[in-house]
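Structure below is run_26.json: JSON, C-alpha atoms and all ligand atoms.
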```json
[["chain", "number", "residue", "atom", "x", "y", "z"],
["H", 1, "MET", "CA", -12.42, 62.60, -79.59],
["H", 2, "GLY", "CA", -9.31, 64.23, -78.20],
["H", 3, "VAL", "CA", -7.53, 62.32, -75.44],
["H", 4, "ASN", "CA", -7.42, 65.17, -72.94],
["H", 5, "ARG", "CA", -10.88, 66.54, -73.50],
["H", 6, "LEU", "CA", -13.82, 65.25, -71.48],
["H", 7, "PRO", "CA", -16.55, 64.28, -73.95],
["H", 8, "LEU", "CA", -19.71, 66.34, -73.62],
["H", 9, "ILE", "CA", -23.14, 64.98, -74.54],
["H", 10, "ALA", "CA", -25.60, 67.85, -74.45],
["H", 11, "GLY", "CA", -29.37, 67.59, -74.77],
["H", 12, "ASN", "CA", -31.06, 70.64, -76.28],
["H", 13, "TRP", "CA", -34.74, 70.17, -75.45],
["H", 14, "LYS", "CA", -35.77, 73.24, -77.47],
["H", 15, "MET", "CA", -39.42, 74.15, -76.69],
["H", 16, "ASN", "CA", -40.32, 70.74, -75.29],
["H", 17, "LEU", "CA", -41.08, 69.40, -71.77],
["H", 18, "ASP", "CA", -42.68, 71.69, -69.18],
["H", 19, "HIS", "CA", -41.23, 71.79, -65.68],
["H", 20, "LEU", "CA", -43.26, 68.79, -64.47],
["H", 21, "GLN", "CA", -42.33, 66.70, -67.48],
["H", 22, "ALA", "CA", -38.74, 67.80, -66.97],
["H", 23, "VAL", "CA", -38.67, 66.28, -63.48],
["H", 24, "ALA", "CA", -39.97, 62.94, -64.72],
["H", 25, "PHE", "CA", -37.54, 62.98, -67.63],
["H", 26, "VAL", "CA", -34.41, 63.83, -65.63],
["H", 27, "GLN", "CA", -35.25, 61.19, -63.00],
["H", 28, "LYS", "CA", -35.80, 58.57, -65.68],
["H", 29, "LEU", "CA", -32.57, 59.43, -67.45],
["H", 30, "HIS", "CA", -30.65, 59.27, -64.18],
["H", 31, "TRP", "CA", -32.15, 55.88, -63.24],
["H", 32, "THR", "CA", -31.54, 54.48, -66.68],
["H", 33, "LEU", "CA", -27.87, 55.42, -66.49],
["H", 34, "LYS", "CA", -27.59, 54.05, -62.95],
["H", 35, "ASP", "CA", -29.23, 50.75, -63.92],
["H", 36, "ALA", "CA", -26.75, 50.47, -66.77],
["H", 37, "LYS", "CA", -23.91, 51.18, -64.32],
["H", 38, "HIS", "CA", -22.83, 54.08, -66.46],
["H", 39, "GLU", "CA", -19.49, 55.53, -65.37],
["H", 40, "GLU", "CA", -20.27, 59.12, -64.52],
["H", 41, "ASP", "CA", -16.73, 60.39, -64.97],
["H", 42, "SER", "CA", -16.34, 59.14, -68.52],
["H", 43, "VAL", "CA", -18.69, 61.65, -70.15],
["H", 44, "GLU", "CA", -20.12, 64.99, -69.11],
["H", 45, "VAL", "CA", -23.89, 65.11, -69.52],
["H", 46, "ALA", "CA", -25.66, 68.45, -69.88],
["H", 47, "VAL", "CA", -29.34, 69.24, -70.27],
["H", 48, "PHE", "CA", -30.75, 72.45, -71.75],
["H", 49, "PRO", "CA", -34.39, 72.78, -70.69],
["H", 50, "PRO", "CA", -36.68, 75.72, -71.47],
["H", 51, "PHE", "CA", -36.20, 78.73, -69.16],
["H", 52, "THR", "CA", -39.36, 77.96, -67.19],
["H", 53, "ASP", "CA", -37.94, 74.56, -66.16],
["H", 54, "LEU", "CA", -34.52, 75.71, -65.01],
["H", 55, "ARG", "CA", -35.27, 76.36, -61.34],
["H", 56, "THR", "CA", -37.12, 73.06, -60.99],
["H", 57, "VAL", "CA", -34.39, 71.06, -62.71],
["H", 58, "GLN", "CA", -31.69, 72.83, -60.70],
["H", 59, "THR", "CA", -33.47, 71.89, -57.46],
["H", 60, "LEU", "CA", -33.83, 68.26, -58.55],
["H", 61, "LEU", "CA", -30.19, 67.90, -59.65],
["H", 62, "ASP", "CA", -29.10, 69.39, -56.37],
["H", 63, "ALA", "CA", -31.45, 67.42, -54.08],
["H", 64, "ASP", "CA", -30.84, 64.04, -55.72],
["H", 65, "LYS", "CA", -27.15, 64.68, -56.43],
["H", 66, "ILE", "CA", -27.64, 63.98, -60.12],
["H", 67, "PRO", "CA", -24.38, 64.71, -61.95],
["H", 68, "PHE", "CA", -25.79, 66.50, -64.98],
["H", 69, "ALA", "CA", -24.71, 70.01, -65.89],
["H", 70, "LEU", "CA", -27.47, 72.53, -66.48],
["H", 71, "GLY", "CA", -27.63, 74.91, -69.39],
["H", 72, "ALA", "CA", -29.98, 77.49, -70.87],
["H", 73, "GLN", "CA", -30.95, 77.76, -74.52],
["H", 74, "ASP", "CA", -30.30, 81.49, -74.93],
["H", 75, "LEU", "CA", -29.62, 84.68, -72.98],
["H", 76, "SER", "CA", -29.85, 88.44, -73.41],
["H", 77, "THR", "CA", -26.98, 90.58, -74.60],
["H", 78, "LYS", "CA", -27.91, 92.88, -71.68],
["H", 79, "ASP", "CA", -27.45, 92.26, -67.97],
["H", 80, "SER", "CA", -30.53, 94.03, -66.58],
["H", 81, "GLY", "CA", -33.05, 96.75, -67.31],
["H", 82, "ALA", "CA", -36.04, 97.55, -69.48],
["H", 83, "TYR", "CA", -35.85, 94.59, -71.88],
["H", 84, "THR", "CA", -39.23, 92.90, -71.69],
["H", 85, "GLY", "CA", -39.06, 89.16, -72.09],
["H", 86, "GLU", "CA", -35.27, 88.95, -72.04],
["H", 87, "ILE", "CA", -33.29, 86.70, -69.67],
["H", 88, "SER", "CA", -30.09, 87.97, -68.06],
["H", 89, "GLY", "CA", -26.98, 85.83, -67.84],
["H", 90, "ALA", "CA", -26.81, 86.93, -64.20],
["H", 91, "PHE", "CA", -30.09, 85.12, -63.54],
["H", 92, "LEU", "CA", -28.85, 81.98, -65.28],
["H", 93, "ALA", "CA", -25.69, 82.02, -63.20],
["H", 94, "GLN", "CA", -27.85, 82.24, -60.05],
["H", 95, "LEU", "CA", -29.59, 79.04, -61.19],
["H", 96, "ASP", "CA", -26.24, 77.22, -61.36],
["H", 97, "CYS", "CA", -26.30, 77.08, -65.13],
["H", 98, "ARG", "CA", -22.88, 76.11, -66.37],
["H", 99, "TYR", "CA", -23.65, 76.51, -70.06],
["H", 100, "VAL", "CA", -25.74, 78.59, -72.41],
["H", 101, "ILE", "CA", -26.41, 77.79, -76.06],
["H", 102, "ILE", "CA", -25.70, 80.79, -78.28],
["H", 103, "GLY", "CA", -26.36, 81.27, -81.97],
["H", 104, "HIS", "CA", -28.40, 78.13, -82.55],
["H", 105, "SER", "CA", -29.57, 78.11, -86.16],
["H", 106, "GLU", "CA", -33.19, 78.33, -84.99],
["H", 107, "ARG", "CA", -32.35, 81.61, -83.22],
["H", 108, "ARG", "CA", -30.42, 82.87, -86.23],
["H", 109, "GLU", "CA", -33.30, 81.97, -88.55],
["H", 110, "TYR", "CA", -36.47, 82.74, -86.55],
["H", 111, "HIS", "CA", -35.11, 85.63, -84.48],
["H", 112, "ALA", "CA", -32.80, 87.12, -87.07],
["H", 113, "GLU", "CA", -29.76, 86.79, -84.81],
["H", 114, "THR", "CA", -26.75, 88.15, -86.64],
["H", 115, "ASP", "CA", -23.11, 87.34, -86.03],
["H", 116, "GLU", "CA", -22.91, 90.65, -84.07],
["H", 117, "VAL", "CA", -25.73, 89.61, -81.76],
["H", 118, "VAL", "CA", -24.14, 86.19, -81.29],
["H", 119, "ALA", "CA", -20.80, 87.83, -80.41],
["H", 120, "ALA", "CA", -22.53, 90.14, -77.89],
["H", 121, "LYS", "CA", -24.25, 87.13, -76.31],
["H", 122, "VAL", "CA", -20.94, 85.31, -76.03],
["H", 123, "GLN", "CA", -19.58, 88.31, -74.14],
["H", 124, "ALA", "CA", -22.69, 88.40, -71.93],
["H", 125, "ALA", "CA", -22.28, 84.71, -71.07],
["H", 126, "LEU", "CA", -18.61, 85.09, -70.22],
["H", 127, "ARG", "CA", -19.32, 88.14, -68.02],
["H", 128, "HIS", "CA", -21.42, 85.88, -65.82],
["H", 129, "GLY", "CA", -19.19, 82.82, -65.75],
["H", 130, "LEU", "CA", -21.35, 80.82, -68.15],
["H", 131, "ALA", "CA", -19.63, 78.75, -70.83],
["H", 132, "PRO", "CA", -21.17, 79.62, -74.19],
["H", 133, "VAL", "CA", -21.96, 76.70, -76.47],
["H", 134, "ILE", "CA", -21.41, 78.59, -79.71],
["H", 135, "CYS", "CA", -23.41, 77.06, -82.55],
["H", 136, "VAL", "CA", -22.30, 77.47, -86.15],
["H", 137, "GLY", "CA", -23.32, 75.72, -89.33],
["H", 138, "GLU", "CA", -24.13, 76.06, -92.99],
["H", 139, "THR", "CA", -27.48, 75.72, -94.73],
["H", 140, "ALA", "CA", -27.97, 73.36, -97.67],
["H", 141, "GLU", "CA", -27.66, 76.39, -99.93],
["H", 142, "ASP", "CA", -24.40, 77.51, -98.27],
["H", 143, "LEU", "CA", -23.08, 73.99, -98.64],
["H", 144, "GLU", "CA", -23.74, 74.02, -102.35],
["H", 145, "LYS", "CA", -22.33, 77.52, -102.86],
["H", 146, "HIS", "CA", -19.36, 77.62, -100.50],
["H", 147, "GLY", "CA", -18.68, 74.06, -99.32],
["H", 148, "ALA", "CA", -19.16, 72.90, -95.74],
["H", 149, "ALA", "CA", -16.58, 74.88, -93.77],
["H", 150, "ALA", "CA", -16.70, 78.47, -95.05],
["H", 151, "VAL", "CA", -19.85, 79.66, -93.28],
["H", 152, "PRO", "CA", -19.22, 77.94, -89.94],
["H", 153, "VAL", "CA", -15.63, 79.22, -89.94],
["H", 154, "ALA", "CA", -16.76, 82.81, -90.59],
["H", 155, "GLN", "CA", -19.50, 82.55, -87.95],
["H", 156, "LEU", "CA", -17.04, 81.28, -85.35],
["H", 157, "GLU", "CA", -14.46, 83.96, -86.17],
["H", 158, "ALA", "CA", -17.14, 86.60, -85.61],
["H", 159, "ALA", "CA", -18.32, 84.99, -82.36],
["H", 160, "LEU", "CA", -14.81, 84.88, -80.90],
["H", 161, "ALA", "CA", -13.98, 88.54, -81.51],
["H", 162, "GLY", "CA", -12.78, 90.01, -78.22],
["H", 163, "VAL", "CA", -12.88, 86.70, -76.32],
["H", 164, "ALA", "CA", -9.99, 86.18, -73.88],
["H", 165, "ALA", "CA", -7.50, 83.36, -74.46],
["H", 166, "ASP", "CA", -8.45, 81.61, -71.22],
["H", 167, "ALA", "CA", -12.22, 81.74, -71.79],
["H", 168, "ASP", "CA", -14.21, 78.58, -71.17],
["H", 169, "ILE", "CA", -16.14, 77.99, -74.38],
["H", 170, "VAL", "CA", -17.66, 75.09, -76.30],
["H", 171, "VAL", "CA", -18.15, 75.08, -80.07],
["H", 172, "ALA", "CA", -20.95, 73.13, -81.77],
["H", 173, "TYR", "CA", -20.84, 72.42, -85.49],
["H", 174, "GLU", "CA", -24.44, 72.02, -86.53],
["H", 175, "PRO", "CA", -25.06, 71.85, -90.27],
["H", 176, "VAL", "CA", -28.53, 73.36, -90.64],
["H", 177, "TRP", "CA", -29.49, 70.77, -93.25],
["H", 178, "ALA", "CA", -28.81, 67.99, -90.74],
["H", 179, "ILE", "CA", -30.86, 69.41, -87.85],
["H", 180, "GLY", "CA", -34.11, 67.54, -87.31],
["H", 181, "SER", "CA", -33.88, 66.09, -90.81],
["H", 182, "GLY", "CA", -32.89, 62.56, -89.91],
["H", 183, "GLN", "CA", -29.99, 63.03, -92.28],
["H", 184, "ALA", "CA", -26.85, 63.51, -90.22],
["H", 185, "ALA", "CA", -23.50, 64.55, -91.65],
["H", 186, "THR", "CA", -21.06, 61.70, -92.08],
["H", 187, "PRO", "CA", -18.39, 61.35, -89.38],
["H", 188, "GLN", "CA", -15.79, 62.43, -91.95],
["H", 189, "GLN", "CA", -17.77, 65.57, -92.88],
["H", 190, "ALA", "CA", -18.12, 66.40, -89.20],
["H", 191, "GLN", "CA", -14.43, 65.77, -88.56],
["H", 192, "ASP", "CA", -13.34, 67.99, -91.46],
["H", 193, "VAL", "CA", -15.35, 70.98, -90.28],
["H", 194, "CYS", "CA", -14.66, 70.41, -86.57],
["H", 195, "ALA", "CA", -10.91, 70.36, -87.32],
["H", 196, "LYS", "CA", -11.23, 73.69, -89.15],
["H", 197, "LEU", "CA", -13.22, 75.16, -86.26],
["H", 198, "ARG", "CA", -10.49, 74.07, -83.87],
["H", 199, "GLU", "CA", -8.01, 75.94, -86.06],
["H", 200, "VAL", "CA", -10.20, 79.04, -85.74],
["H", 201, "VAL", "CA", -10.11, 78.68, -81.95],
["H", 202, "GLY", "CA", -6.32, 78.36, -82.23],
["H", 203, "SER", "CA", -5.95, 81.50, -84.35],
["H", 204, "ALA", "CA", -8.29, 83.55, -82.15],
["H", 205, "LEU", "CA", -7.39, 82.28, -78.68],
["H", 206, "GLY", "CA", -4.12, 80.40, -79.03],
["H", 207, "ALA", "CA", -2.87, 76.82, -79.08],
["H", 208, "ASP", "CA", -3.84, 76.01, -75.48],
["H", 209, "ALA", "CA", -7.41, 77.02, -76.10],
["H", 210, "ALA", "CA", -7.51, 74.97, -79.30],
["H", 211, "ALA", "CA", -6.28, 71.90, -77.44],
["H", 212, "ARG", "CA", -8.67, 72.38, -74.52],
["H", 213, "THR", "CA", -11.89, 73.48, -76.21],
["H", 214, "ARG", "CA", -14.55, 70.89, -76.91],
["H", 215, "VAL", "CA", -15.97, 70.93, -80.41],
["H", 216, "LEU", "CA", -19.30, 69.12, -80.69],
["H", 217, "TYR", "CA", -21.21, 67.82, -83.67],
["H", 218, "GLY", "CA", -25.00, 68.32, -83.81],
["H", 219, "GLY", "CA", -27.67, 67.38, -86.33],
["H", 220, "SER", "CA", -29.73, 64.17, -86.25],
["H", 221, "VAL", "CA", -27.44, 62.48, -83.71],
["H", 222, "LYS", "CA", -28.88, 59.23, -82.36],
["H", 223, "SER", "CA", -27.63, 56.12, -80.59],
["H", 224, "ALA", "CA", -27.14, 54.41, -83.95],
["H", 225, "ASN", "CA", -24.68, 57.02, -85.28],
["H", 226, "ILE", "CA", -23.02, 58.63, -82.22],
["H", 227, "ALA", "CA", -20.13, 56.16, -82.15],
["H", 228, "GLY", "CA", -18.96, 57.10, -85.62],
["H", 229, "PHE", "CA", -18.74, 60.77, -84.65],
["H", 230, "MET", "CA", -16.98, 60.08, -81.37],
["H", 231, "ARG", "CA", -14.26, 58.11, -83.12],
["H", 232, "GLU", "CA", -13.16, 61.26, -84.93],
["H", 233, "PRO", "CA", -10.22, 63.07, -83.34],
["H", 234, "ASP", "CA", -11.75, 66.56, -83.46],
["H", 235, "VAL", "CA", -15.31, 65.68, -82.42],
["H", 236, "ASP", "CA", -15.55, 65.86, -78.63],
["H", 237, "GLY", "CA", -19.22, 65.26, -78.14],
["H", 238, "ALA", "CA", -22.67, 65.97, -79.46],
["H", 239, "LEU", "CA", -25.42, 68.52, -79.22],
["H", 240, "VAL", "CA", -28.55, 66.41, -79.46],
["H", 241, "GLY", "CA", -32.06, 67.72, -80.16],
["H", 242, "GLY", "CA", -34.88, 65.26, -80.89],
["H", 243, "ALA", "CA", -33.10, 62.21, -79.50],
["H", 244, "SER", "CA", -32.41, 63.99, -76.19],
["H", 245, "LEU", "CA", -36.15, 63.92, -75.42],
["H", 246, "VAL", "CA", -36.38, 60.15, -75.17],
["H", 247, "ALA", "CA", -34.70, 58.96, -71.97],
["H", 248, "ASP", "CA", -33.67, 55.49, -73.20],
["H", 249, "GLU", "CA", -32.34, 56.84, -76.46],
["H", 250, "PHE", "CA", -30.47, 59.73, -74.84],
["H", 251, "ALA", "CA", -29.00, 57.32, -72.27],
["H", 252, "ALA", "CA", -27.81, 55.08, -75.12],
["H", 253, "ILE", "CA", -26.13, 58.09, -76.75],
["H", 254, "ILE", "CA", -24.45, 58.99, -73.44],
["H", 255, "ARG", "CA", -23.27, 55.36, -73.19],
["H", 256, "TYR", "CA", -21.74, 55.35, -76.68],
["H", 257, "GLN", "CA", -18.48, 53.99, -75.27],
["H", 258, "LYS", "CA", -20.19, 50.78, -74.22],
["H", 259, "HIS", "CA", -21.86, 49.93, -77.43],
["H", 260, "VAL", "CA", -18.94, 50.58, -79.69],
["H", 261, "GLY", "CA", -15.65, 50.34, -77.98],
["H", 262, "VAL", "CA", -14.44, 53.81, -78.94],
["X", 1, "LIG", "P1", -31.55, 67.31, -83.81],
["X", 1, "LIG", "O1", -31.24, 68.80, -83.32],
["X", 1, "LIG", "O2", -30.69, 66.38, -82.98],
["X", 1, "LIG", "O3", -33.02, 67.11, -83.54],
["X", 1, "LIG", "O4", -31.20, 67.24, -85.26],
["X", 1, "LIG", "C1", -29.94, 69.21, -83.01],
["X", 1, "LIG", "C2", -29.92, 70.64, -82.57],
["X", 1, "LIG", "O5", -30.68, 71.46, -83.10],
["X", 1, "LIG", "O6", -29.15, 71.01, -81.67]]
```
Please rewrite the model in this file as structure tokens.
Amino acid sequence: MGVNRLPLIAGNWKMNLDHLQAVAFVQKLHWTLKDAKHEEDSVEVAVFPPFTDLRTVQTLLDADKIPFALGAQDLSTKDSGAYTGEISGAFLAQLDCRYVIIGHSERREYHAETDEVVAAKVQAALRHGLAPVICVGETAEDLEKHGAAAVPVAQLEAALAGVAADADIVVAYEPVWAIGSGQAATPQQAQDVCAKLREVVGSALGADAAARTRVLYGGSVKSANIAGFMREPDVDGALVGGASLVADEFAAIIRYQKHVGV
């Protein structure tokens, strides 16, 4: 974890928790952190509920002054018009979303999202003041053929085409073979690729952006392994799937500093 970068622990709920379940979950997470006297300023917490939950969660965060950032799991490349089923970044901005996940491997795989689509979505997010959480990662096959870094590096280079040097972005290294598999990368593997991704940010956007941008690791993160990742200099947080759906477990991940002395 870099000294000047605020760690970000992000919970990607994927297609889980309806808007009623979301209320119960967010309240429980908040109480759990409060009971544990978690220091709010030490880590940024973000939740990424399904679209249909966003308004409800926004209202709850606002009413109860819960210091979690809100994010969406995807957005349209377009801003408005005849695009049935698509969600505009303008609408997400109106819901106080700070982040939007772009290029998650499940979108790339099940919705055939190409690097061009990902790049267009990054532009759409930035047009509306949303910070894209740009996901990159290699499959098991890529890993065997090209090593760990080649595919994520190429994906990030494509995603950053045309992005301004002062853009607010987050990068998430998510090896596809580690997602939902229970088999996380090792901290060293994560560090090696995250360091290369930071170099890509540096080449595309400059040294300031490289120093400022948070690079997350994602893929089977849990409370038992988060500390190892957070000790690495180029890993600034985690994008958490399955373990972000269990309030006690997600709270323990957020509190990684307590149980390890990072
Ligand atoms: P996982 O998912 O934590 O369940 O492996 C991570 C992700 O897909 O972002």
Dump as a compact mmCIF listing (two decimals) with C-alpha atoms, in the coordinates of the input all residues having an atom at most 8 Å from (-19.4, 72.0, -79.8), computed in the file's coordinates with only C-alpha atoms.
```
# COMPACT_ATOMS: atom_id res chain seq x y z
CA VAL H 133 -21.96 76.70 -76.47
CA ILE H 134 -21.41 78.59 -79.71
CA CYS H 135 -23.41 77.06 -82.55
CA VAL H 170 -17.66 75.09 -76.30
CA VAL H 171 -18.15 75.08 -80.07
CA ALA H 172 -20.95 73.13 -81.77
CA TYR H 173 -20.84 72.42 -85.49
CA ARG H 214 -14.55 70.89 -76.91
CA VAL H 215 -15.97 70.93 -80.41
CA LEU H 216 -19.30 69.12 -80.69
CA TYR H 217 -21.21 67.82 -83.67
CA GLY H 218 -25.00 68.32 -83.81
CA VAL H 235 -15.31 65.68 -82.42
CA ASP H 236 -15.55 65.86 -78.63
CA GLY H 237 -19.22 65.26 -78.14
CA ALA H 238 -22.67 65.97 -79.46
CA LEU H 239 -25.42 68.52 -79.22
```
Between CA of Ala210 (chain H) and CA of Arg198 (chain H), distance in Å (one decimal) = 5.5 Å
With distances taken over all atoms listed in the file, which of H:Lys78, H:Ala46, H:Ala164, H:His30 is nearest to Gly11 (chain H)?
-> H:Ala46
Can I get the residues close to ligand LIG 1 (chain X) as a PyMOL selection string, where close means within 6 Å and we count all atoms listed in the file?
-> chain H and resi 12+179-180+218-221+239-243
Which of H:Val57, H:Ile102, H:Met230, H:Pro175 sits closest to Ala150 (chain H) [using all atoms listed in the file] =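 Smallest distance to Ala150 (chain H) is found for H:Pro175.
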Show me, as a tab-separated table (two decimals) with C-alpha atoms, keeping the file's coordinate frame, the residues that have an atom within 10 Å of Val163 (chain H) when counting all atoms listed in the file, minus same-chain residues fewer than 4 positions from it.
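As written to disk, out-v9.tsv reads:
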```tsv
chain	number	residue	atom	x	y	z
H	119	ALA	CA	-20.80	87.83	-80.41
H	122	VAL	CA	-20.94	85.31	-76.03
H	123	GLN	CA	-19.58	88.31	-74.14
H	126	LEU	CA	-18.61	85.09	-70.22
H	159	ALA	CA	-18.32	84.99	-82.36
H	167	ALA	CA	-12.22	81.74	-71.79
H	168	ASP	CA	-14.21	78.58	-71.17
H	169	ILE	CA	-16.14	77.99	-74.38
H	204	ALA	CA	-8.29	83.55	-82.15
H	205	LEU	CA	-7.39	82.28	-78.68
```
One-decimal distance in Å that lies between CA of Trp177 (chain H) and CA of Asp142 (chain H) | 9.8 Å
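For the pair CA of Ala90 (chain H) and CA of Asn16 (chain H), the interatomic distance is 23.8 Å.
You can rank H:Ala36, H:Ala251, H:Ala211, H:Val246 by their closest distance to Pro233 (chain H) using all atoms listed in the file, and at the top of that list sits H:Ala211.
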Point (-27.5, 73.6, -68.3), cut-off 12 Å, counting all atoms listed in the file, residues as a PyMOL selection string = chain H and resi 8-13+44-51+53-55+57-58+61+67-74+92-101+130-133
Of the candidates H:Leu33, H:Ala158, H:Ala140, H:Val43, which one gets nearest to Asp248 (chain H) if we count all atoms listed in the file?
->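 Closest candidate: H:Leu33.
Residues lying within 7 Å of Arg212 (chain H), counting all atoms listed in the file and ignoring same-chain neighbours fewer than 3 positions away, are Arg5, Asp208 and Ala209 of chain H.
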Save out the residues we just selected, C-alpha atoms, as a tab-separated table (two decimals), in the coordinates of the input.
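Okay, out19.tsv is ready:
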```tsv
chain	number	residue	atom	x	y	z
H	5	ARG	CA	-10.88	66.54	-73.50
H	208	ASP	CA	-3.84	76.01	-75.48
H	209	ALA	CA	-7.41	77.02	-76.10
```
Which of these residues is nearest to Asp79 (chain H), using only C-alpha atoms: H:Ala247, H:Thr186, H:Phe91, H:Glu113?
-> H:Phe91
Smallest atom-to-atom distance to Asp166 (chain H): which of H:Thr213, H:Asp62, H:Lys222, H:Ala227, using all atoms listed in the file?
->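 Closest to Asp166 (chain H), using all atoms listed in the file: H:Thr213.
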